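Colleague: Coordinates in coords14.tsv, TSV, C-alpha atoms, are listed below.
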```tsv
chain	number	residue	atom	x	y	z
S	1333	MET	CA	-117.03	-75.47	-44.03
S	1334	ARG	CA	-119.94	-73.21	-44.95
S	1335	SER	CA	-122.32	-76.15	-45.54
S	1336	SER	CA	-121.26	-77.57	-42.18
S	1337	TRP	CA	-122.21	-74.36	-40.45
S	1338	ARG	CA	-125.61	-74.37	-42.18
S	1339	ARG	CA	-126.14	-77.80	-40.67
S	1340	GLY	CA	-125.43	-76.17	-37.32
S	1341	GLY	CA	-128.26	-73.73	-38.07
S	1342	GLN	CA	-130.56	-76.70	-38.54
S	1343	PHE	CA	-129.31	-78.01	-35.22
S	1344	PHE	CA	-130.55	-74.92	-33.39
S	1345	ASP	CA	-133.84	-74.94	-35.29
S	1346	ARG	CA	-134.43	-78.45	-33.96
S	1347	LEU	CA	-133.30	-77.71	-30.40
S	1348	PRO	CA	-136.33	-77.38	-28.08
S	1349	VAL	CA	-137.03	-74.03	-26.39
S	1350	MET	CA	-136.68	-75.75	-22.99
S	1351	VAL	CA	-132.88	-75.79	-23.48
S	1352	ASP	CA	-131.60	-72.71	-21.61
S	1353	ALA	CA	-129.44	-69.96	-23.11
S	1354	PRO	CA	-126.13	-70.94	-21.44
S	1355	THR	CA	-126.50	-74.52	-22.70
S	1356	ARG	CA	-127.32	-73.24	-26.21
S	1357	GLN	CA	-124.25	-71.00	-26.13
S	1358	ALA	CA	-122.01	-73.87	-24.99
S	1359	ALA	CA	-123.43	-76.09	-27.77
S	1360	GLU	CA	-122.80	-73.37	-30.35
S	1361	GLN	CA	-119.20	-72.98	-29.18
S	1362	GLN	CA	-118.64	-76.73	-29.29
S	1363	LEU	CA	-120.15	-77.01	-32.80
S	1364	ALA	CA	-117.91	-74.13	-33.97
S	1365	VAL	CA	-114.82	-75.95	-32.68
S	1366	MET	CA	-115.93	-79.19	-34.35
S	1367	ALA	CA	-116.74	-77.39	-37.63
S	1368	VAL	CA	-113.10	-76.48	-38.16
S	1369	GLN	CA	-111.79	-79.88	-37.07
S	1370	PHE	CA	-114.11	-82.34	-38.83
S	1371	ARG	CA	-115.51	-83.09	-42.27
S	1372	PRO	CA	-119.23	-82.29	-42.83
S	1373	GLU	CA	-120.38	-85.88	-42.29
S	1374	GLN	CA	-118.42	-86.15	-39.04
S	1375	LEU	CA	-119.86	-82.82	-37.87
S	1376	ARG	CA	-123.37	-84.05	-38.68
S	1377	THR	CA	-122.80	-87.18	-36.61
S	1378	ALA	CA	-121.42	-85.16	-33.69
S	1379	ALA	CA	-124.34	-82.73	-33.87
S	1380	GLU	CA	-126.81	-85.64	-33.77
S	1381	ARG	CA	-125.06	-87.04	-30.69
S	1382	MET	CA	-125.17	-83.61	-29.04
S	1383	MET	CA	-128.89	-83.35	-29.86
S	1384	ALA	CA	-129.47	-86.75	-28.24
S	1385	LEU	CA	-127.71	-85.55	-25.09
S	1386	LEU	CA	-129.55	-82.22	-24.92
S	1387	ASN	CA	-132.97	-83.65	-25.75
S	1388	PRO	CA	-132.81	-87.38	-24.85
S	1389	ASP	CA	-136.58	-87.89	-24.77
S	1390	GLY	CA	-137.15	-86.11	-28.08
S	1391	GLU	CA	-139.79	-83.96	-26.44
S	1392	PHE	CA	-141.03	-80.90	-28.28
S	1393	SER	CA	-143.61	-78.37	-27.14
S	1394	ASP	CA	-146.25	-76.59	-29.20
S	1395	VAL	CA	-143.94	-73.56	-29.11
S	1396	ASP	CA	-141.16	-75.66	-30.71
S	1397	ARG	CA	-143.51	-76.91	-33.41
S	1398	ALA	CA	-144.86	-73.41	-34.09
S	1399	ARG	CA	-141.30	-72.09	-34.42
S	1400	ARG	CA	-140.30	-74.82	-36.88
S	1401	ARG	CA	-143.42	-74.99	-39.07
S	1402	GLY	CA	-143.24	-73.72	-42.61
S	1403	VAL	CA	-143.62	-74.50	-46.28
S	1404	SER	CA	-141.20	-73.15	-48.88
S	1405	ILE	CA	-141.70	-73.16	-52.62
S	1406	GLY	CA	-138.47	-72.88	-54.58
S	1407	GLN	CA	-137.78	-71.02	-57.77
S	1408	GLN	CA	-139.69	-72.24	-60.78
S	1409	GLY	CA	-137.45	-74.22	-63.12
S	1410	PHE	CA	-137.14	-73.95	-66.89
S	1411	ASP	CA	-139.59	-76.85	-67.16
S	1412	GLY	CA	-142.25	-74.95	-65.18
S	1413	MET	CA	-141.90	-77.22	-62.15
S	1414	SER	CA	-141.32	-75.84	-58.63
S	1415	PRO	CA	-139.68	-77.67	-55.71
S	1416	ILE	CA	-141.52	-77.62	-52.39
S	1417	SER	CA	-140.27	-78.49	-48.91
S	1418	GLY	CA	-141.11	-77.83	-45.31
S	1419	LEU	CA	-142.41	-79.05	-41.99
S	1420	LEU	CA	-146.08	-79.42	-41.07
S	1421	ASP	CA	-147.36	-79.14	-37.53
S	1422	PRO	CA	-149.53	-82.04	-36.28
S	1423	GLU	CA	-152.83	-80.24	-36.96
S	1424	THR	CA	-151.92	-79.35	-40.55
S	1425	ARG	CA	-150.64	-82.89	-41.12
S	1426	ALA	CA	-153.97	-84.30	-39.90
S	1427	TYR	CA	-155.87	-82.06	-42.35
S	1428	LEU	CA	-153.59	-83.05	-45.23
S	1429	ASP	CA	-153.88	-86.75	-44.36
S	1430	ALA	CA	-157.68	-86.48	-44.43
S	1431	VAL	CA	-157.65	-84.72	-47.81
S	1432	PHE	CA	-155.15	-87.19	-49.30
S	1433	THR	CA	-157.08	-90.19	-47.97
S	1434	LYS	CA	-160.05	-89.09	-50.05
S	1435	LEU	CA	-158.62	-87.20	-53.03
S	1436	ALA	CA	-155.34	-89.11	-53.54
S	1437	ALA	CA	-156.93	-92.56	-53.55
S	1438	PRO	CA	-156.31	-94.53	-56.76
S	1439	GLY	CA	-158.82	-93.41	-59.38
S	1440	MET	CA	-159.50	-90.01	-57.78
S	1441	CYS	CA	-158.58	-86.62	-59.35
S	1442	ASN	CA	-156.81	-88.36	-62.23
S	1443	PRO	CA	-156.02	-85.80	-64.94
S	1444	ASN	CA	-155.74	-88.67	-67.44
S	1445	ASP	CA	-159.47	-89.44	-67.05
S	1446	GLN	CA	-162.01	-87.83	-69.37
S	1447	THR	CA	-163.80	-86.46	-66.30
S	1448	PRO	CA	-161.52	-86.52	-63.24
S	1449	LEU	CA	-163.47	-87.68	-60.19
S	1450	ALA	CA	-163.29	-85.47	-57.07
S	1451	ASP	CA	-166.50	-86.58	-55.36
S	1452	GLY	CA	-167.93	-90.01	-54.64
S	1453	GLU	CA	-166.01	-93.25	-55.04
S	1454	PRO	CA	-163.95	-94.25	-58.07
S	1455	SER	CA	-165.01	-97.32	-59.96
S	1456	PRO	CA	-162.87	-100.41	-59.40
S	1457	ASP	CA	-161.82	-100.14	-63.05
S	1458	ALA	CA	-160.66	-96.51	-62.65
S	1459	ALA	CA	-158.70	-97.38	-59.51
S	1460	GLU	CA	-157.13	-100.42	-61.15
S	1461	HIS	CA	-156.02	-98.52	-64.24
S	1462	ASP	CA	-154.58	-95.56	-62.30
S	1463	THR	CA	-150.86	-95.73	-63.09
S	1464	ARG	CA	-149.82	-92.65	-61.07
S	1465	SER	CA	-147.40	-93.01	-58.15
S	1466	SER	CA	-148.52	-92.14	-54.63
S	1467	ALA	CA	-146.59	-88.85	-54.87
S	1468	GLN	CA	-148.31	-88.02	-58.18
S	1469	ARG	CA	-151.73	-88.79	-56.70
S	1470	ASN	CA	-150.91	-86.54	-53.70
S	1471	HIS	CA	-149.92	-83.75	-56.10
S	1472	ASP	CA	-153.12	-84.12	-58.11
S	1473	ALA	CA	-155.21	-84.20	-54.91
S	1474	LEU	CA	-153.58	-81.00	-53.67
S	1475	ARG	CA	-154.21	-79.34	-57.04
S	1476	ALA	CA	-157.89	-80.39	-56.94
S	1477	CYS	CA	-158.23	-79.11	-53.38
S	1478	LEU	CA	-156.68	-75.74	-54.28
S	1479	ARG	CA	-158.76	-75.45	-57.48
S	1480	SER	CA	-161.92	-76.18	-55.49
S	1481	THR	CA	-161.00	-73.59	-52.87
S	1482	LEU	CA	-160.39	-70.95	-55.53
S	1483	ALA	CA	-163.60	-71.84	-57.38
S	1484	SER	CA	-165.65	-71.60	-54.17
S	1485	GLY	CA	-165.24	-67.82	-54.05
S	1486	GLU	CA	-164.89	-68.06	-50.27
S	1487	LEU	CA	-161.39	-66.57	-50.23
S	1488	GLY	CA	-162.89	-63.13	-50.80
S	1489	SER	CA	-160.56	-60.43	-52.00
S	1490	HIS	CA	-156.94	-59.40	-51.64
S	1491	HIS	CA	-156.08	-55.71	-52.05
S	1492	GLY	CA	-159.57	-55.18	-53.47
S	1493	LEU	CA	-159.37	-57.88	-56.15
S	1494	PRO	CA	-160.98	-61.33	-56.04
S	1495	VAL	CA	-158.55	-64.11	-55.14
S	1496	THR	CA	-158.06	-66.02	-58.36
S	1497	VAL	CA	-155.37	-67.09	-60.81
S	1498	VAL	CA	-154.72	-64.45	-63.46
S	1499	VAL	CA	-152.83	-65.64	-66.52
S	1500	THR	CA	-151.54	-63.47	-69.36
S	1501	THR	CA	-150.31	-64.63	-72.76
S	1502	THR	CA	-150.08	-63.25	-76.28
S	1503	LEU	CA	-152.87	-63.49	-78.81
S	1504	GLY	CA	-150.64	-65.54	-81.13
S	1505	GLU	CA	-149.86	-68.08	-78.40
S	1506	LEU	CA	-153.52	-68.26	-77.46
S	1507	GLU	CA	-154.61	-68.81	-81.08
S	1508	SER	CA	-151.98	-71.48	-81.64
S	1509	ALA	CA	-152.72	-73.06	-78.24
S	1510	ALA	CA	-148.99	-73.12	-77.55
S	1511	GLY	CA	-146.42	-71.04	-75.76
S	1512	ILE	CA	-145.88	-69.65	-72.30
S	1513	ALA	CA	-148.37	-67.89	-70.06
S	1514	ILE	CA	-147.46	-65.86	-66.98
S	1515	THR	CA	-149.56	-65.81	-63.81
S	1516	GLY	CA	-150.24	-62.66	-61.83
S	1517	ALA	CA	-147.70	-63.90	-59.27
S	1518	GLY	CA	-145.03	-64.07	-61.98
S	1519	THR	CA	-144.80	-67.83	-62.38
```
Can I see the file as C-alpha coordinates?
Modeller:
Amino acid sequence: MRSSWRRGGQFFDRLPVMVDAPTRQAAEQQLAVMAVQFRPEQLRTAAERMMALLNPDGEFSDVDRARRRGVSIGQQGFDGMSPISGLLDPETRAYLDAVFTKLAAPGMCNPNDQTPLADGEPSPDAAEHDTRSSAQRNHDALRACLRSTLASGELGSHHGLPVTVVVTTTLGELESAAGIAITGAGT
(Lines of atoms letter the chains of each structure in order from A and count residues from 1; the text may use other names and numbers.)
(Lines give C-alpha, C1' and ligand atoms only; values in the text may rest on other atoms or scores of the structure.)
Protein backbone atom coordinates (compact mmCIF):
# COMPACT_ATOMS: atom_id res chain seq x y z
CA MET A 1 0.00 0.00 0.00
CA ARG A 2 2.93 2.33 0.60
CA SER A 3 3.90 2.42 -3.10
CA SER A 4 0.27 3.17 -3.95
CA TRP A 5 0.29 6.17 -1.65
CA ARG A 6 3.52 7.43 -3.25
CA ARG A 7 1.68 7.33 -6.56
CA GLY A 8 -0.92 9.55 -4.90
CA GLY A 9 1.89 12.01 -4.11
CA GLN A 10 2.71 12.10 -7.80
CA PHE A 11 -0.96 12.75 -8.46
CA PHE A 12 -0.89 15.94 -6.42
CA ASP A 13 2.41 17.03 -7.96
CA ARG A 14 0.73 16.84 -11.37
CA LEU A 15 -2.51 18.53 -10.29
CA PRO A 16 -2.60 22.15 -11.54
CA VAL A 17 -2.65 25.00 -9.01
CA MET A 18 -6.00 26.15 -10.46
CA VAL A 19 -7.70 23.24 -8.64
CA ASP A 20 -9.04 24.73 -5.39
CA ALA A 21 -8.28 23.45 -1.89
CA PRO A 22 -11.68 21.81 -1.20
CA THR A 23 -11.46 19.86 -4.46
CA ARG A 24 -7.88 18.79 -3.63
CA GLN A 25 -9.01 17.65 -0.19
CA ALA A 26 -11.92 15.65 -1.65
CA ALA A 27 -9.55 14.05 -4.19
CA GLU A 28 -7.11 13.13 -1.42
CA GLN A 29 -9.90 11.54 0.63
CA GLN A 30 -11.14 9.58 -2.38
CA LEU A 31 -7.61 8.36 -3.23
CA ALA A 32 -7.12 7.27 0.41
CA VAL A 33 -10.33 5.22 0.27
CA MET A 34 -9.28 3.66 -3.05
CA ALA A 35 -5.75 2.94 -1.75
CA VAL A 36 -7.07 0.49 0.82
CA GLN A 37 -9.58 -1.11 -1.56
CA PHE A 38 -7.59 -1.58 -4.77
CA ARG A 39 -4.30 -3.02 -5.99
CA PRO A 40 -1.61 -0.51 -7.07
CA GLU A 41 -2.38 -0.82 -10.78
CA GLN A 42 -6.10 -0.29 -10.18
CA LEU A 43 -5.33 2.73 -8.01
CA ARG A 44 -3.10 4.15 -10.75
CA THR A 45 -5.91 3.77 -13.29
CA ALA A 46 -8.42 5.41 -10.95
CA ALA A 47 -6.03 8.28 -10.23
CA GLU A 48 -5.55 8.86 -13.97
CA ARG A 49 -9.33 8.98 -14.45
CA MET A 50 -9.64 11.44 -11.56
CA MET A 51 -6.88 13.58 -13.11
CA ALA A 52 -8.77 13.60 -16.41
CA LEU A 53 -11.90 14.80 -14.62
CA LEU A 54 -10.12 17.50 -12.60
CA ASN A 55 -7.99 18.76 -15.48
CA PRO A 56 -9.80 17.70 -18.69
CA ASP A 57 -7.94 20.12 -20.96
CA GLY A 58 -4.53 19.20 -19.57
CA GLU A 59 -3.80 22.88 -19.03
CA PHE A 60 -0.83 23.83 -16.89
CA SER A 61 0.37 27.30 -15.96
CA ASP A 62 3.93 28.56 -15.62
CA VAL A 63 3.41 28.26 -11.85
CA ASP A 64 2.59 24.53 -12.29
CA ARG A 65 5.67 24.00 -14.42
CA ALA A 66 7.91 25.90 -12.00
CA ARG A 67 6.58 23.80 -9.11
CA ARG A 68 7.23 20.52 -10.93
CA ARG A 69 10.63 21.26 -12.51
CA GLY A 70 13.68 19.48 -11.20
CA VAL A 71 16.58 17.19 -11.94
CA SER A 72 17.68 14.49 -9.50
CA ILE A 73 20.91 12.55 -9.63
CA GLY A 74 20.77 9.26 -7.76
CA GLN A 75 23.44 7.59 -5.68
CA GLN A 76 26.53 6.56 -7.58
CA GLY A 77 26.62 2.81 -8.15
CA PHE A 78 29.50 0.41 -7.63
CA ASP A 79 30.28 0.76 -11.34
CA GLY A 80 30.68 4.54 -11.03
CA MET A 81 27.46 5.24 -12.95
CA SER A 82 24.74 7.55 -11.58
CA PRO A 83 21.03 7.48 -12.49
CA ILE A 84 19.42 10.78 -13.45
CA SER A 85 15.75 11.70 -13.72
CA GLY A 86 13.53 14.73 -13.67
CA LEU A 87 11.28 17.15 -15.48
CA LEU A 88 12.46 20.07 -17.61
CA ASP A 89 10.43 23.22 -18.10
CA PRO A 90 9.84 24.30 -21.73
CA GLU A 91 12.67 26.87 -21.73
CA THR A 92 15.25 24.41 -20.39
CA ARG A 93 14.05 21.76 -22.85
CA ALA A 94 14.52 24.22 -25.73
CA TYR A 95 18.11 24.92 -24.61
CA LEU A 96 18.87 21.21 -24.28
CA ASP A 97 17.34 20.45 -27.69
CA ALA A 98 19.54 23.12 -29.29
CA VAL A 99 22.68 21.74 -27.61
CA PHE A 100 21.82 18.13 -28.52
CA THR A 101 21.00 19.06 -32.12
CA LYS A 102 24.58 20.26 -32.52
CA LEU A 103 26.68 18.23 -30.08
CA ALA A 104 24.76 14.91 -30.14
CA ALA A 105 24.70 14.60 -33.93
CA PRO A 106 26.37 11.43 -35.25
CA GLY A 107 30.12 11.99 -35.39
CA MET A 108 30.15 14.80 -32.80
CA CYS A 109 31.81 14.57 -29.34
CA ASN A 110 32.65 10.91 -29.91
CA PRO A 111 35.06 9.75 -27.19
CA ASN A 112 36.11 6.88 -29.48
CA ASP A 113 37.62 9.36 -31.98
CA GLN A 114 41.29 10.33 -31.72
CA THR A 115 40.21 13.97 -31.49
CA PRO A 116 36.52 14.25 -30.54
CA LEU A 117 34.86 16.98 -32.60
CA ALA A 118 32.90 19.65 -30.69
CA ASP A 119 32.99 22.43 -33.27
CA GLY A 120 32.27 22.48 -36.98
CA GLU A 121 30.66 19.62 -38.88
CA PRO A 122 31.66 15.96 -38.66
CA SER A 123 32.90 14.30 -41.79
CA PRO A 124 30.44 11.94 -43.48
CA ASP A 125 32.83 9.10 -42.61
CA ALA A 126 32.87 10.02 -38.89
CA ALA A 127 29.08 10.24 -38.81
CA GLU A 128 28.68 6.95 -40.65
CA HIS A 129 31.05 5.07 -38.34
CA ASP A 130 29.53 6.46 -35.12
CA THR A 131 28.07 3.37 -33.45
CA ARG A 132 26.74 5.12 -30.32
CA SER A 133 23.02 5.10 -29.56
CA SER A 134 21.07 8.36 -29.46
CA ALA A 135 21.11 8.22 -25.64
CA GLN A 136 24.89 7.71 -25.63
CA ARG A 137 25.38 10.64 -28.01
CA ASN A 138 23.16 12.81 -25.74
CA HIS A 139 25.29 11.80 -22.75
CA ASP A 140 28.53 12.61 -24.55
CA ALA A 141 27.11 15.95 -25.74
CA LEU A 142 26.11 16.89 -22.20
CA ARG A 143 29.57 15.92 -20.94
CA ALA A 144 31.22 18.07 -23.64
CA CYS A 145 28.94 21.00 -22.80
CA LEU A 146 29.71 20.74 -19.07
CA ARG A 147 33.46 20.32 -19.72
CA SER A 148 33.42 23.40 -21.95
CA THR A 149 31.55 25.41 -19.34
CA LEU A 150 34.04 24.43 -16.63
CA ALA A 151 37.02 25.15 -18.90
CA SER A 152 35.66 28.60 -19.79
CA GLY A 153 36.37 29.91 -16.30
CA GLU A 154 33.12 31.87 -16.46
CA LEU A 155 31.58 30.11 -13.47
CA GLY A 156 33.79 32.16 -11.17
CA SER A 157 34.20 30.92 -7.63
CA HIS A 158 32.21 29.08 -5.00
CA HIS A 159 33.08 29.73 -1.34
CA GLY A 160 36.25 31.46 -2.52
CA LEU A 161 37.53 28.60 -4.69
CA PRO A 162 37.38 28.39 -8.49
CA VAL A 163 34.58 26.16 -9.78
CA THR A 164 36.34 23.10 -11.11
CA VAL A 165 36.53 19.33 -10.65
CA VAL A 166 38.98 18.33 -7.94
CA VAL A 167 40.06 14.70 -7.97
CA THR A 168 42.19 12.95 -5.35
CA THR A 169 43.89 9.58 -5.66
CA THR A 170 46.93 7.82 -4.22
CA LEU A 171 50.39 8.09 -5.69
CA GLY A 172 50.45 4.33 -6.33
CA GLU A 173 47.17 4.44 -8.26
CA LEU A 174 48.38 7.45 -10.23
CA GLU A 175 51.69 5.76 -11.12
CA SER A 176 49.97 2.55 -12.16
CA ALA A 177 47.26 4.49 -14.01
CA ALA A 178 44.65 2.34 -12.29
CA GLY A 179 42.39 2.51 -9.28
CA ILE A 180 39.74 4.81 -7.92
CA ALA A 181 39.80 8.59 -7.66
CA ILE A 182 37.42 10.65 -5.54
CA THR A 183 36.07 14.05 -6.63
CA GLY A 184 35.73 16.99 -4.27
CA ALA A 185 31.98 16.31 -4.20
CA GLY A 186 32.62 12.77 -2.97
CA THR A 187 31.79 10.86 -6.14
Colleague: Using Å and a single decimal, report how far CA of Asp1462 (chain S) sits from CA of Leu1482 (chain S).
Modeller: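 Taking CA of Leu1482 (chain S) and CA of Asp1462 (chain S), their separation equals 26.2 Å.
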Colleague: Which residue, S:Thr1519, S:Arg1346, S:Arg1381, S:Gln1357, has the smallest gap to Ile1405 (chain S) when you use all atoms listed in the file?
Modeller: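 The closest residue to Ile1405 (chain S) is S:Thr1519.
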Colleague: Rank nothing, just name the residue among S:Val1395, S:Asn1442, S:Ala1359, S:Lys1434 nearest to Asp1421 (chain S), using all atoms listed in the file.
Modeller: S:Val1395
Colleague: Work out how far apart CA of Asp1411 (chain S) and CA of Thr1463 (chain S) are and give it in Å to one decimal.
Modeller: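 The value is 22.4 Å.
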Colleague: What gap, in Å, lies between CA of Gln1374 (chain S) and CA of Phe1344 (chain S)?
Modeller: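 These atoms are spaced 17.5 Å apart.
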